[in-house]
Each structure stands twice: as C-alpha cells, then as structure tokens.
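What follows is the content of protein09.tsv (TSV, C-alpha atoms (C1' of nucleotides)).
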chain	number	residue	atom	x	y	z
L	15	MET	CA	61.50	88.36	107.23
L	16	ASP	CA	63.88	90.91	108.65
L	17	GLU	CA	65.30	92.66	105.62
L	18	ASN	CA	68.17	94.08	107.63
L	19	SER	CA	69.69	90.73	108.26
L	20	GLU	CA	69.49	89.65	104.66
L	21	LEU	CA	73.26	89.46	104.46
L	22	LEU	CA	73.93	88.49	108.05
L	23	CYS	CA	74.90	85.03	108.98
L	24	GLU	CA	71.86	82.99	109.74
L	25	VAL	CA	71.83	83.36	113.48
L	26	PRO	CA	68.32	84.74	113.94
L	27	GLU	CA	67.70	87.42	116.52
L	28	ALA	CA	70.67	88.16	118.76
L	29	HIS	CA	73.25	89.30	116.21
L	30	ALA	CA	71.12	91.88	114.43
L	31	ASP	CA	70.50	93.71	117.69
L	32	VAL	CA	74.17	94.03	118.52
L	33	VAL	CA	75.04	95.03	114.97
L	34	GLU	CA	72.50	97.85	115.06
L	35	LYS	CA	73.76	99.16	118.38
L	36	VAL	CA	77.38	99.15	117.27
L	37	ARG	CA	76.53	100.82	113.98
L	38	ASP	CA	75.04	103.76	115.84
L	39	VAL	CA	78.15	104.27	117.92
L	40	LEU	CA	80.70	104.17	115.11
L	41	PRO	CA	82.37	107.50	114.26
L	42	ASP	CA	81.56	108.91	110.85
L	43	ASP	CA	83.69	107.94	107.90
L	44	ASP	CA	85.58	111.24	107.76
L	45	THR	CA	86.77	110.81	111.31
L	46	LEU	CA	87.80	107.22	110.66
L	47	TYR	CA	89.85	108.18	107.62
L	48	GLU	CA	91.49	111.06	109.45
L	49	LEU	CA	92.34	108.74	112.28
L	50	ALA	CA	93.85	106.13	109.97
L	51	ASP	CA	95.83	108.84	108.19
L	52	LEU	CA	97.16	110.06	111.51
L	53	PHE	CA	98.36	106.61	112.52
L	54	LYS	CA	99.94	106.11	109.12
L	55	MET	CA	102.43	108.78	110.17
L	56	PHE	CA	103.60	106.53	113.01
L	57	GLY	CA	103.61	103.46	110.80
L	58	ASP	CA	106.93	104.03	109.09
L	59	SER	CA	110.19	103.50	110.92
L	60	THR	CA	111.88	106.55	109.42
L	61	ARG	CA	109.09	108.84	110.55
L	62	MET	CA	108.99	107.05	113.89
L	63	LYS	CA	112.69	107.78	114.35
L	64	ILE	CA	112.26	111.41	113.42
L	65	LEU	CA	109.46	111.80	115.94
L	66	PHE	CA	111.53	110.15	118.64
L	67	VAL	CA	114.40	112.50	117.94
L	68	LEU	CA	112.15	115.54	118.08
L	69	MET	CA	110.64	114.32	121.34
L	70	GLU	CA	114.09	114.81	122.81
L	71	SER	CA	115.11	118.04	121.18
L	72	GLU	CA	114.33	120.33	118.30
L	73	MET	CA	116.91	119.84	115.58
L	74	CYS	CA	117.91	120.99	112.11
L	75	VAL	CA	117.34	118.79	109.08
L	76	CYS	CA	120.89	117.76	108.39
L	77	ASP	CA	121.52	116.84	112.03
L	78	ILE	CA	118.48	114.59	111.98
L	79	ALA	CA	119.77	112.96	108.82
L	80	GLU	CA	123.24	112.44	110.22
L	81	LEU	CA	121.99	111.21	113.59
L	82	LEU	CA	119.72	108.64	111.99
L	83	GLY	CA	122.09	107.67	109.19
L	84	ILE	CA	119.47	108.38	106.56
L	85	SER	CA	119.99	110.50	103.46
L	86	GLN	CA	119.12	114.17	103.63
L	87	SER	CA	116.69	113.74	100.78
L	88	ALA	CA	114.79	110.92	102.43
L	89	ILE	CA	114.54	112.88	105.66
L	90	SER	CA	113.34	115.94	103.83
L	91	HIS	CA	110.61	114.00	102.06
L	92	GLN	CA	109.40	112.54	105.33
L	93	LEU	CA	109.53	115.89	107.10
L	94	ARG	CA	107.24	117.31	104.46
L	95	ILE	CA	104.72	114.55	105.09
L	96	LEU	CA	104.93	115.04	108.84
L	97	LYS	CA	104.39	118.79	108.42
L	98	GLN	CA	101.32	118.18	106.27
L	99	SER	CA	99.91	116.10	109.11
L	100	LYS	CA	100.58	118.96	111.53
L	101	LEU	CA	102.72	116.74	113.69
L	102	ILE	CA	105.84	118.84	113.32
L	103	SER	CA	106.62	122.40	112.42
L	104	SER	CA	109.79	124.33	111.60
L	105	ARG	CA	111.44	127.71	111.63
L	106	ARG	CA	114.48	129.07	109.87
L	107	GLU	CA	117.56	129.90	111.89
L	108	GLY	CA	120.35	131.21	109.72
L	109	LYS	CA	121.06	128.58	107.11
L	110	ASN	CA	119.30	125.87	109.03
L	111	ILE	CA	115.69	124.80	109.25
L	112	ILE	CA	114.94	123.81	112.82
L	113	CYS	CA	112.19	121.20	113.21
L	114	PHE	CA	110.15	120.59	116.32
L	115	LEU	CA	107.07	118.72	117.46
L	116	ALA	CA	103.90	120.66	116.83
L	117	ASP	CA	101.51	118.44	118.70
L	118	ASP	CA	101.40	117.34	122.32
L	119	HIS	CA	99.52	114.18	121.44
L	120	VAL	CA	102.57	112.71	119.74
L	121	ARG	CA	104.09	111.76	123.06
L	122	GLY	CA	100.85	110.27	124.29
L	123	ILE	CA	100.37	108.18	121.18
L	124	ILE	CA	103.92	106.88	121.16
L	125	ASP	CA	103.82	106.12	124.87
L	126	GLN	CA	100.68	104.04	124.42
L	127	GLY	CA	102.37	102.17	121.61
L	128	LEU	CA	105.47	101.56	123.68
L	129	SER	CA	103.39	100.07	126.48
L	130	HIS	CA	102.19	97.49	124.01
L	131	VAL	CA	105.55	96.73	122.43
L	132	LEU	CA	107.40	96.46	125.73
L	133	GLU	CA	104.72	94.02	126.97
I	14	MET	CA	138.88	117.92	113.72
I	15	ASP	CA	135.96	116.16	115.32
I	16	GLU	CA	135.47	113.07	113.19
I	17	ASN	CA	131.96	112.54	114.52
I	18	SER	CA	130.68	115.71	112.97
I	19	GLU	CA	132.16	114.96	109.59
I	20	LEU	CA	128.75	114.83	108.01
I	21	LEU	CA	127.03	117.37	110.22
I	22	CYS	CA	126.16	120.78	108.98
I	23	GLU	CA	128.93	123.18	109.65
I	24	VAL	CA	127.66	124.66	112.85
I	25	PRO	CA	130.69	124.01	115.08
I	26	GLU	CA	130.13	122.93	118.66
I	27	ALA	CA	126.53	123.13	119.82
I	28	HIS	CA	124.87	120.69	117.41
I	29	ALA	CA	127.22	117.77	117.94
I	30	ASP	CA	126.53	117.83	121.67
I	31	VAL	CA	122.79	117.63	121.25
I	32	VAL	CA	123.06	114.96	118.58
I	33	GLU	CA	125.15	112.76	120.86
I	34	LYS	CA	122.74	113.11	123.75
I	35	VAL	CA	119.73	112.29	121.63
I	36	ARG	CA	121.46	109.30	120.06
I	37	ASP	CA	121.96	107.78	123.50
I	38	VAL	CA	118.30	108.07	124.37
I	39	LEU	CA	116.87	106.56	121.16
I	40	PRO	CA	115.31	103.11	121.52
I	41	ASP	CA	117.08	100.32	119.69
I	42	ASP	CA	116.17	99.55	116.11
I	43	ASP	CA	114.15	96.45	116.96
I	44	THR	CA	111.87	98.42	119.23
I	45	LEU	CA	111.45	101.14	116.64
I	46	TYR	CA	110.46	98.66	113.95
I	47	GLU	CA	108.04	96.89	116.26
I	48	LEU	CA	106.51	100.20	117.16
I	49	ALA	CA	106.09	101.24	113.54
I	50	ASP	CA	104.59	97.86	112.72
I	51	LEU	CA	102.13	98.26	115.56
I	52	PHE	CA	100.98	101.65	114.33
I	53	LYS	CA	100.67	100.30	110.81
I	54	MET	CA	97.76	98.26	112.12
I	55	PHE	CA	95.91	101.47	112.94
I	56	GLY	CA	96.91	103.09	109.67
I	57	ASP	CA	94.32	101.47	107.45
I	58	SER	CA	90.68	102.52	107.57
I	59	THR	CA	89.33	98.99	107.27
I	60	ARG	CA	91.37	97.79	110.23
I	61	MET	CA	90.49	100.98	112.11
I	62	LYS	CA	86.81	100.22	111.59
I	63	ILE	CA	87.21	96.64	112.73
I	64	LEU	CA	88.96	97.78	115.89
I	65	PHE	CA	86.24	100.32	116.60
I	66	VAL	CA	83.60	97.67	116.20
I	67	LEU	CA	85.39	95.29	118.53
I	68	MET	CA	85.83	98.06	121.08
I	69	GLU	CA	82.05	98.03	121.35
I	70	SER	CA	81.37	94.34	121.24
I	71	GLU	CA	82.86	91.03	120.28
I	72	MET	CA	81.39	89.91	117.00
I	73	CYS	CA	81.51	87.15	114.42
I	74	VAL	CA	83.27	87.64	111.10
I	75	CYS	CA	80.26	87.88	108.84
I	76	ASP	CA	78.53	90.37	111.11
I	77	ILE	CA	81.59	92.60	111.01
I	78	ALA	CA	81.58	92.38	107.25
I	79	GLU	CA	77.90	93.18	106.94
I	80	LEU	CA	78.04	95.99	109.48
I	81	LEU	CA	80.92	97.68	107.72
I	82	GLY	CA	79.74	96.96	104.20
I	83	ILE	CA	83.02	95.30	103.31
I	84	SER	CA	83.40	91.91	101.65
I	85	GLN	CA	83.85	88.87	103.84
I	86	SER	CA	87.12	88.12	102.13
I	87	ALA	CA	88.58	91.55	102.75
I	88	ILE	CA	87.56	91.40	106.40
I	89	SER	CA	89.04	87.96	106.79
I	90	HIS	CA	92.35	89.06	105.33
I	91	GLN	CA	92.51	92.02	107.68
I	92	LEU	CA	91.51	89.94	110.68
I	93	ARG	CA	94.41	87.65	109.99
I	94	ILE	CA	96.81	90.59	110.03
I	95	LEU	CA	95.31	91.93	113.24
I	96	LYS	CA	95.64	88.52	114.86
I	97	GLN	CA	99.28	88.29	113.85
I	98	SER	CA	99.83	91.59	115.63
I	99	LYS	CA	98.13	90.20	118.73
I	100	LEU	CA	95.60	93.00	118.72
I	101	ILE	CA	92.62	90.69	118.38
I	102	SER	CA	91.88	87.09	119.13
I	103	SER	CA	89.03	84.73	118.36
I	104	ARG	CA	87.16	81.66	119.47
I	105	ARG	CA	84.77	79.33	117.73
I	106	GLU	CA	81.13	79.32	118.74
I	107	GLY	CA	79.13	76.85	116.71
I	108	LYS	CA	79.56	77.79	113.08
I	109	ASN	CA	80.83	81.26	113.87
I	110	ILE	CA	84.23	82.63	114.71
I	111	ILE	CA	83.82	85.30	117.35
I	112	CYS	CA	86.49	88.01	117.31
I	113	PHE	CA	87.42	90.24	120.22
I	114	LEU	CA	90.08	92.70	121.26
I	115	ALA	CA	93.10	90.98	122.74
I	116	ASP	CA	94.92	94.04	124.00
I	117	ASP	CA	93.90	96.76	126.42
I	118	HIS	CA	96.24	99.25	124.80
I	119	VAL	CA	94.05	99.42	121.71
I	120	ARG	CA	91.60	101.72	123.44
I	121	GLY	CA	94.37	103.91	124.79
I	122	ILE	CA	96.05	104.28	121.43
I	123	ILE	CA	92.83	105.07	119.59
I	124	ASP	CA	91.76	107.53	122.25
I	125	GLN	CA	95.03	109.41	121.95
I	126	GLY	CA	94.56	109.53	118.21
I	127	LEU	CA	91.01	110.79	118.55
I	128	SER	CA	92.17	113.62	120.80
I	129	HIS	CA	94.37	114.79	117.95
I	130	VAL	CA	91.81	114.38	115.20
I	131	LEU	CA	88.99	116.05	117.13
I	132	GLU	CA	91.28	119.05	117.80
O	13	DC	C1'	78.33	60.75	104.24
O	14	DT	C1'	76.68	64.85	101.92
O	15	DT	C1'	75.32	69.37	102.01
O	16	DT	C1'	75.38	73.79	103.85
O	17	DC	C1'	77.03	77.60	106.17
O	18	DA	C1'	80.93	80.47	108.05
O	19	DT	C1'	85.44	81.41	107.38
O	20	DA	C1'	90.21	81.14	105.36
O	21	DT	C1'	93.43	81.42	101.75
O	22	DG	C1'	96.08	82.04	97.36
O	23	DA	C1'	96.82	84.33	92.99
O	24	DG	C1'	96.55	88.41	90.54
O	25	DC	C1'	96.23	93.18	90.05
O	26	DA	C1'	95.89	98.25	90.74
O	27	DA	C1'	97.20	101.68	93.71
O	28	DG	C1'	100.15	103.57	97.15
O	29	DT	C1'	104.70	104.23	99.47
O	30	DG	C1'	109.62	105.25	100.47
O	31	DT	C1'	113.99	105.59	98.56
O	32	DT	C1'	117.62	107.36	95.40
O	33	DC	C1'	119.46	110.49	92.13
O	34	DA	C1'	119.78	114.75	90.06
O	35	DT	C1'	118.81	119.23	90.47
O	36	DA	C1'	116.54	123.52	92.02
O	37	DC	C1'	115.81	126.94	95.55
O	38	DG	C1'	116.92	130.33	99.05
O	39	DT	C1'	120.07	132.20	102.55
O	40	DT	C1'	124.42	133.46	103.88
O	41	DT	C1'	129.22	134.58	103.19
O	42	DG	C1'	133.09	136.39	100.85
V	13	DC	C1'	127.76	139.83	92.45
V	14	DA	C1'	129.37	134.66	92.89
V	15	DA	C1'	130.17	130.67	95.56
V	16	DA	C1'	128.90	127.66	99.26
V	17	DC	C1'	125.84	125.60	102.26
V	18	DG	C1'	121.36	123.70	103.95
V	19	DT	C1'	117.17	122.26	102.34
V	20	DA	C1'	113.37	121.09	99.02
V	21	DT	C1'	111.54	118.81	95.12
V	22	DG	C1'	110.41	115.92	90.99
V	23	DA	C1'	110.99	111.74	88.38
V	24	DA	C1'	111.88	107.02	88.39
V	25	DC	C1'	111.85	102.70	90.42
V	26	DA	C1'	111.34	98.71	93.57
V	27	DC	C1'	108.54	97.30	96.90
V	28	DT	C1'	104.46	96.91	99.64
V	29	DT	C1'	99.54	96.90	100.43
V	30	DG	C1'	94.61	95.90	100.17
V	31	DC	C1'	91.24	94.45	97.30
V	32	DT	C1'	88.64	90.95	94.28
V	33	DC	C1'	87.72	86.52	92.58
V	34	DA	C1'	87.80	81.78	92.87
V	35	DT	C1'	88.30	78.13	95.66
V	36	DA	C1'	89.52	75.45	99.86
V	37	DT	C1'	88.63	74.14	104.61
V	38	DG	C1'	86.13	72.70	108.46
V	39	DA	C1'	82.31	72.34	111.64
V	40	DA	C1'	77.42	71.32	111.84
V	41	DA	C1'	72.97	69.74	110.27
V	42	DG	C1'	70.30	66.68	107.70
Please rewrite the model in this file as structure tokens.
Amino acid sequence: MDENSELLCEVPEAHADVVEKVRDVLPDDDTLYELADLFKMFGDSTRMKILFVLMESEMCVCDIAELLGISQSAISHQLRILKQSKLISSRREGKNIICFLADDHVRGIIDQGLSHVLE
Amino acid sequence: MDENSELLCEVPEAHADVVEKVRDVLPDDDTLYELADLFKMFGDSTRMKILFVLMESEMCVCDIAELLGISQSAISHQLRILKQSKLISSRREGKNIICFLADDHVRGIIDQGLSHVLE
DNA sequence: CTTTCATATGAGCAAGTGTTCATACGTTTG
DNA sequence: CAAACGTATGAACACTTGCTCATATGAAAG
C-alpha cells in the first residue's frame, strides 16, 4: 500500500512517520562529509598529540617532533594534513616554521571528547 | 651541554624551556589513544549519519538502514562498533532492536564540529 | 516445530591511512 | 658562492577500514 515503506520492516504505521520526520531534519550530505572529515583529524593519536601541544603553545616543527618522540617526517606529513583542514597554520621565523592553532573550535571539540573519556 | 636538547633544533635556550613545560601538561598516552579512538567514531560518514539520526529519535536497525539508504549489513557492522565505544545502546522490542544514544556528550561533540564546518 | 522476519556475523576484497626512507627545497650562515 | 640546518615531499609498504555477499542466529507467529 504505502510505497514508501516498501523496504521498511513490517511494522505498519508508526515507524514510517518517524522516519519521514527524521529524514527532513538531517543535514545535507556535503555537511555530513565535511563533518566526518573534520573529526577524522582528531581520530589519529599523532594528530591528537600535535593539537594538544599547540593548545599549550605555538611551536616549531622539530620541537614538536622531539617533544612527542616522533620522526620529523611523520610530523611534517601530519602537519600538512592539519593545515589542509584549516586547523593549524604556520609562519616562518628564521630557519624555523612555527605552527599554531588556527581554529578556536579545536579546544571546544577536544574538551567535549575529554569529558567523555574521563567519564 | 644540555642533554635534553640533543635532538632539538639548534635554537639555544628558549625552546627547551617551552618544550619541557608543554611535556608536563600533556595527558598520558592512554588518555590520548582513548580520545583518538573516540573521535574515530565520528570520522566516518556512515557512523556520523547514524548518530545524527539517533539524535533525533531512537530507531530500529532496519529503519535506520532504509532511511539512510545503506545496506542492513553495513549498518549493523557500524552499530556494533558504536556500541563498543559506548556511544549507543539498544534494547529489544518484539522483533526489532531499538537503538538509541547512550552518551550525552555526543550532541556536544557534534555541535562543536558543526560550528567549525558551518564557519 | 517450522517458517518468517529482524538482526548479527565472518570472510574476502578494494580503498584508504600512517609510517619510514631517501631526497629535495629554501633559508641562513660562513 | 658553499655548507648547514629546518622542513617538505614522494614512493613504497604494512596495516587498517568499511563495504558486500553469504549465511547464521534468535525471537515471534502460525
């Protein structure tokens, strides 16, 4: 009868209503992908560490590497990804490249995550 | 001279001080990994969609699948992962398994992310 | 008990990810 | 200029991830 519920489980009326309402409220696909891509940045421990460091202080690339005990190359690769996501930015200062957070939401996002992890 | 800065870039005093201070403030490795693992859950568009749906209403598995246009199997696999992360929970109701958000932080985390994505 | 419906699960595969290694680039210093 | 330092980058590789397909499980209805 109701073509919309062709694929729904066989519970007759109630479910279809709710499904329709929720469908209307969902963000568009572009927004959802952007959002997932943003959270991907926080989903790797190396990037997470870098962000934590930069929450405390701006810092040059090799200091980040040394502080975290991760190779300069690995750090540099991750910094590039973080820059592409507009989460961090950098400036040159003599021979060094100084990196710093470029987005105020980083703290907010991490804080929300910490609330979960620390129960 | 200073053995700590053996691997640091050659800027003499200033950097080592900052590095030491930041090192003291960093969360321990366990916390960092947990945090990254948490954000991984939000880093896939399928899981993101599921979480958005459940933010609006609890819902049975096959309705989620139909609403999102994703196979039942794929949804089920992702639900399992989300349950392992304690982000969602479920109960049986007749033939259906009803899924619902198990953590209040989900909304907070997603909202923070949205603030970034929507400029 | 048998069938049916809703869900779960395992194997297999294609695509994505993060690291290392070697090397290139660009700035500064002598 | 050449050498040295800090950083970036590309290729290669191991590993992970998310999907599909087939099938199993388990509650409910006949």
Can you write out as CSV which residues of segment 44-87 of chain L fall within 10 Å of segment 61-78 of chain I, alongside each residue's closest atom pair and its distance in Å to one decimal, counting all atoms listed in the file and ordering rows by chain and ascending residue number?
residue,atom,partner,partner_atom,distance
L:Leu46,CA,I:Met61,CA,6.9
L:Tyr47,CA,I:Met61,CA,8.5
L:Leu49,CA,I:Met61,CA,8.0
L:Ala50,CA,I:Met61,CA,6.5
L:Phe53,CA,I:Met61,CA,9.7
Select from chain I every residue with an atom at most 10 Å from any atom of chain V, then for each give the shortest pair of atoms and their distance in Å to one decimal, using all atoms listed in the file, rows by chain and rising number, as JSON lines.
{"residue": "I:Cys22", "atom": "CA", "partner": "V:DG18", "partner_atom": "C1'", "distance": 7.5}
{"residue": "I:Glu23", "atom": "CA", "partner": "V:DC17", "partner_atom": "C1'", "distance": 8.4}
{"residue": "I:Asp57", "atom": "CA", "partner": "V:DG30", "partner_atom": "C1'", "distance": 9.2}
{"residue": "I:Thr59", "atom": "CA", "partner": "V:DG30", "partner_atom": "C1'", "distance": 9.4}
{"residue": "I:Ser84", "atom": "CA", "partner": "V:DT32", "partner_atom": "C1'", "distance": 9.1}
{"residue": "I:Ser86", "atom": "CA", "partner": "V:DT32", "partner_atom": "C1'", "distance": 8.5}
{"residue": "I:Ala87", "atom": "CA", "partner": "V:DC31", "partner_atom": "C1'", "distance": 6.7}
{"residue": "I:His90", "atom": "CA", "partner": "V:DG30", "partner_atom": "C1'", "distance": 8.9}
{"residue": "I:Gln91", "atom": "CA", "partner": "V:DG30", "partner_atom": "C1'", "distance": 8.7}
{"residue": "I:Arg105", "atom": "CA", "partner": "V:DA39", "partner_atom": "C1'", "distance": 9.6}
{"residue": "I:Gly107", "atom": "CA", "partner": "V:DA39", "partner_atom": "C1'", "distance": 7.5}
{"residue": "I:Lys108", "atom": "CA", "partner": "V:DA39", "partner_atom": "C1'", "distance": 6.3}
{"residue": "I:Asn109", "atom": "CA", "partner": "V:DA39", "partner_atom": "C1'", "distance": 9.3}
Given a cut-off of 9 Å, which residues of chain O touch chain I, counting only C-alpha atoms (C1' of nucleotides), written out as a count of residues only?
5
Name the closest residue to chain I among the candidates L:Asp117, L:Lys54, L:Ile102, L:Leu96; distances are taken between atoms, counting all atoms listed in the file.
L:Lys54
Could you fit chain I onto chain L by least squares over every C-alpha atom, paired in order, and give me the moved chain as a PDB file with C-alpha atoms, in the coordinates of the input?
ATOM      1  CA  MET I  14      61.602  88.639 107.192  1.00  0.00           C
ATOM      2  CA  ASP I  15      63.958  91.211 108.613  1.00  0.00           C
ATOM      3  CA  GLU I  16      65.406  92.916 105.560  1.00  0.00           C
ATOM      4  CA  ASN I  17      68.297  94.341 107.556  1.00  0.00           C
ATOM      5  CA  SER I  18      69.738  90.949 108.267  1.00  0.00           C
ATOM      6  CA  GLU I  19      69.553  89.833 104.675  1.00  0.00           C
ATOM      7  CA  LEU I  20      73.293  89.494 104.479  1.00  0.00           C
ATOM      8  CA  LEU I  21      73.939  88.508 108.072  1.00  0.00           C
ATOM      9  CA  CYS I  22      74.870  85.019 109.011  1.00  0.00           C
ATOM     10  CA  GLU I  23      71.836  83.000 109.785  1.00  0.00           C
ATOM     11  CA  VAL I  24      71.820  83.374 113.514  1.00  0.00           C
ATOM     12  CA  PRO I  25      68.286  84.741 113.985  1.00  0.00           C
ATOM     13  CA  GLU I  26      67.703  87.463 116.544  1.00  0.00           C
ATOM     14  CA  ALA I  27      70.671  88.178 118.786  1.00  0.00           C
ATOM     15  CA  HIS I  28      73.253  89.289 116.214  1.00  0.00           C
ATOM     16  CA  ALA I  29      71.129  91.873 114.441  1.00  0.00           C
ATOM     17  CA  ASP I  30      70.517  93.687 117.717  1.00  0.00           C
ATOM     18  CA  VAL I  31      74.183  94.000 118.535  1.00  0.00           C
ATOM     19  CA  VAL I  32      75.063  95.009 114.994  1.00  0.00           C
ATOM     20  CA  GLU I  33      72.531  97.836 115.072  1.00  0.00           C
ATOM     21  CA  LYS I  34      73.788  99.148 118.385  1.00  0.00           C
ATOM     22  CA  VAL I  35      77.396  99.112 117.285  1.00  0.00           C
ATOM     23  CA  ARG I  36      76.566 100.798 113.989  1.00  0.00           C
ATOM     24  CA  ASP I  37      75.074 103.739 115.866  1.00  0.00           C
ATOM     25  CA  VAL I  38      78.188 104.241 117.937  1.00  0.00           C
ATOM     26  CA  LEU I  39      80.742 104.135 115.091  1.00  0.00           C
ATOM     27  CA  PRO I  40      82.388 107.455 114.236  1.00  0.00           C
ATOM     28  CA  ASP I  41      81.590 108.838 110.813  1.00  0.00           C
ATOM     29  CA  ASP I  42      83.715 107.861 107.852  1.00  0.00           C
ATOM     30  CA  ASP I  43      85.597 111.155 107.717  1.00  0.00           C
ATOM     31  CA  THR I  44      86.798 110.746 111.270  1.00  0.00           C
ATOM     32  CA  LEU I  45      87.822 107.164 110.633  1.00  0.00           C
ATOM     33  CA  TYR I  46      89.874 108.113 107.591  1.00  0.00           C
ATOM     34  CA  GLU I  47      91.522 110.992 109.413  1.00  0.00           C
ATOM     35  CA  LEU I  48      92.362 108.685 112.256  1.00  0.00           C
ATOM     36  CA  ALA I  49      93.881 106.068 109.974  1.00  0.00           C
ATOM     37  CA  ASP I  50      95.862 108.751 108.179  1.00  0.00           C
ATOM     38  CA  LEU I  51      97.178 110.000 111.493  1.00  0.00           C
ATOM     39  CA  PHE I  52      98.371 106.559 112.525  1.00  0.00           C
ATOM     40  CA  LYS I  53      99.964 106.062 109.130  1.00  0.00           C
ATOM     41  CA  MET I  54     102.432 108.737 110.178  1.00  0.00           C
ATOM     42  CA  PHE I  55     103.608 106.507 113.015  1.00  0.00           C
ATOM     43  CA  GLY I  56     103.626 103.425 110.820  1.00  0.00           C
ATOM     44  CA  ASP I  57     106.944 103.999 109.111  1.00  0.00           C
ATOM     45  CA  SER I  58     110.224 103.475 110.937  1.00  0.00           C
ATOM     46  CA  THR I  59     111.903 106.526 109.439  1.00  0.00           C
ATOM     47  CA  ARG I  60     109.101 108.816 110.567  1.00  0.00           C
ATOM     48  CA  MET I  61     109.012 107.027 113.925  1.00  0.00           C
ATOM     49  CA  LYS I  62     112.704 107.774 114.371  1.00  0.00           C
ATOM     50  CA  ILE I  63     112.262 111.405 113.426  1.00  0.00           C
ATOM     51  CA  LEU I  64     109.458 111.780 115.945  1.00  0.00           C
ATOM     52  CA  PHE I  65     111.545 110.160 118.660  1.00  0.00           C
ATOM     53  CA  VAL I  66     114.389 112.515 117.940  1.00  0.00           C
ATOM     54  CA  LEU I  67     112.138 115.550 118.072  1.00  0.00           C
ATOM     55  CA  MET I  68     110.623 114.331 121.326  1.00  0.00           C
ATOM     56  CA  GLU I  69     114.079 114.832 122.797  1.00  0.00           C
ATOM     57  CA  SER I  70     115.080 118.054 121.151  1.00  0.00           C
ATOM     58  CA  GLU I  71     114.298 120.336 118.273  1.00  0.00           C
ATOM     59  CA  MET I  72     116.878 119.860 115.573  1.00  0.00           C
ATOM     60  CA  CYS I  73     117.877 121.005 112.112  1.00  0.00           C
ATOM     61  CA  VAL I  74     117.300 118.813 109.075  1.00  0.00           C
ATOM     62  CA  CYS I  75     120.861 117.786 108.374  1.00  0.00           C
ATOM     63  CA  ASP I  76     121.499 116.874 111.994  1.00  0.00           C
ATOM     64  CA  ILE I  77     118.467 114.604 111.966  1.00  0.00           C
ATOM     65  CA  ALA I  78     119.760 112.979 108.824  1.00  0.00           C
ATOM     66  CA  GLU I  79     123.244 112.469 110.195  1.00  0.00           C
ATOM     67  CA  LEU I  80     122.010 111.237 113.561  1.00  0.00           C
ATOM     68  CA  LEU I  81     119.753 108.652 111.990  1.00  0.00           C
ATOM     69  CA  GLY I  82     122.106 107.686 109.192  1.00  0.00           C
ATOM     70  CA  ILE I  83     119.477 108.401 106.569  1.00  0.00           C
ATOM     71  CA  SER I  84     119.978 110.516 103.460  1.00  0.00           C
ATOM     72  CA  GLN I  85     119.088 114.180 103.608  1.00  0.00           C
ATOM     73  CA  SER I  86     116.663 113.708 100.766  1.00  0.00           C
ATOM     74  CA  ALA I  87     114.783 110.888 102.437  1.00  0.00           C
ATOM     75  CA  ILE I  88     114.525 112.876 105.657  1.00  0.00           C
ATOM     76  CA  SER I  89     113.310 115.924 103.811  1.00  0.00           C
ATOM     77  CA  HIS I  90     110.601 113.959 102.053  1.00  0.00           C
ATOM     78  CA  GLN I  91     109.399 112.503 105.331  1.00  0.00           C
ATOM     79  CA  LEU I  92     109.512 115.855 107.085  1.00  0.00           C
ATOM     80  CA  ARG I  93     107.227 117.251 104.446  1.00  0.00           C
ATOM     81  CA  ILE I  94     104.703 114.491 105.096  1.00  0.00           C
ATOM     82  CA  LEU I  95     104.912 115.013 108.842  1.00  0.00           C
ATOM     83  CA  LYS I  96     104.359 118.735 108.391  1.00  0.00           C
ATOM     84  CA  GLN I  97     101.306 118.114 106.242  1.00  0.00           C
ATOM     85  CA  SER I  98      99.900 116.051 109.093  1.00  0.00           C
ATOM     86  CA  LYS I  99     100.575 118.915 111.497  1.00  0.00           C
ATOM     87  CA  LEU I 100     102.703 116.703 113.692  1.00  0.00           C
ATOM     88  CA  ILE I 101     105.816 118.822 113.299  1.00  0.00           C
ATOM     89  CA  SER I 102     106.575 122.387 112.412  1.00  0.00           C
ATOM     90  CA  SER I 103     109.715 124.330 111.603  1.00  0.00           C
ATOM     91  CA  ARG I 104     111.366 127.710 111.642  1.00  0.00           C
ATOM     92  CA  ARG I 105     114.398 129.116 109.910  1.00  0.00           C
ATOM     93  CA  GLU I 106     117.472 129.945 111.942  1.00  0.00           C
ATOM     94  CA  GLY I 107     120.248 131.297 109.777  1.00  0.00           C
ATOM     95  CA  LYS I 108     120.983 128.685 107.154  1.00  0.00           C
ATOM     96  CA  ASN I 109     119.220 125.929 109.046  1.00  0.00           C
ATOM     97  CA  ILE I 110     115.628 124.832 109.247  1.00  0.00           C
ATOM     98  CA  ILE I 111     114.889 123.821 112.810  1.00  0.00           C
ATOM     99  CA  CYS I 112     112.160 121.198 113.194  1.00  0.00           C
ATOM    100  CA  PHE I 113     110.112 120.578 116.313  1.00  0.00           C
ATOM    101  CA  LEU I 114     107.051 118.696 117.452  1.00  0.00           C
ATOM    102  CA  ALA I 115     103.874 120.633 116.803  1.00  0.00           C
ATOM    103  CA  ASP I 116     101.474 118.412 118.691  1.00  0.00           C
ATOM    104  CA  ASP I 117     101.376 117.307 122.306  1.00  0.00           C
ATOM    105  CA  HIS I 118      99.507 114.142 121.416  1.00  0.00           C
ATOM    106  CA  VAL I 119     102.584 112.701 119.736  1.00  0.00           C
ATOM    107  CA  ARG I 120     104.096 111.758 123.069  1.00  0.00           C
ATOM    108  CA  GLY I 121     100.852 110.251 124.290  1.00  0.00           C
ATOM    109  CA  ILE I 122     100.374 108.151 121.190  1.00  0.00           C
ATOM    110  CA  ILE I 123     103.942 106.868 121.165  1.00  0.00           C
ATOM    111  CA  ASP I 124     103.833 106.110 124.865  1.00  0.00           C
ATOM    112  CA  GLN I 125     100.702 104.029 124.435  1.00  0.00           C
ATOM    113  CA  GLY I 126     102.390 102.160 121.628  1.00  0.00           C
ATOM    114  CA  LEU I 127     105.492 101.551 123.703  1.00  0.00           C
ATOM    115  CA  SER I 128     103.398 100.069 126.502  1.00  0.00           C
ATOM    116  CA  HIS I 129     102.190  97.472 124.027  1.00  0.00           C
ATOM    117  CA  VAL I 130     105.552  96.733 122.464  1.00  0.00           C
ATOM    118  CA  LEU I 131     107.399  96.470 125.778  1.00  0.00           C
ATOM    119  CA  GLU I 132     104.762  93.973 127.003  1.00  0.00           C
TER     120      GLU I 132
END
Would you mind telling me which residue in L:Ile84, L:Ile89, L:Ile95, L:Ile124 lies nearest to chain I when using all atoms listed in the file?
L:Ile124
Top pick for closest residue to chain I, considering L:Ser99, L:Arg105, L:Val36, L:Ile112 and counting only C-alpha atoms
L:Val36
Identify the residues around (97.6, 111.8, 122.0) within a radius of 12 Å, measuring from only C-alpha atoms (C1' of nucleotides) in the coordinates stated by the file, and give them as a PyMOL selection string.
(chain L and resi 49+52-53+101+117-127) or (chain I and resi 120-132)
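The spacing separating atom CA of Glu34 of chain L from atom CA of Ser102 of chain I amounts to 22.5 Å.
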Between atom C1' of DG38 of chain O and atom CA of His28 of chain I, measure the distance and give it in Å to one decimal.
22.2 Å
Find, counting all atoms listed in the file, the residue in I:Asp50, I:Glu106, I:Asp43, I:Lys96 that gets nearest to chain L.
I:Asp50
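Straight-line separation from atom CA of Ser59 of chain L to atom CA of Glu47 of chain I: 8.8 Å.
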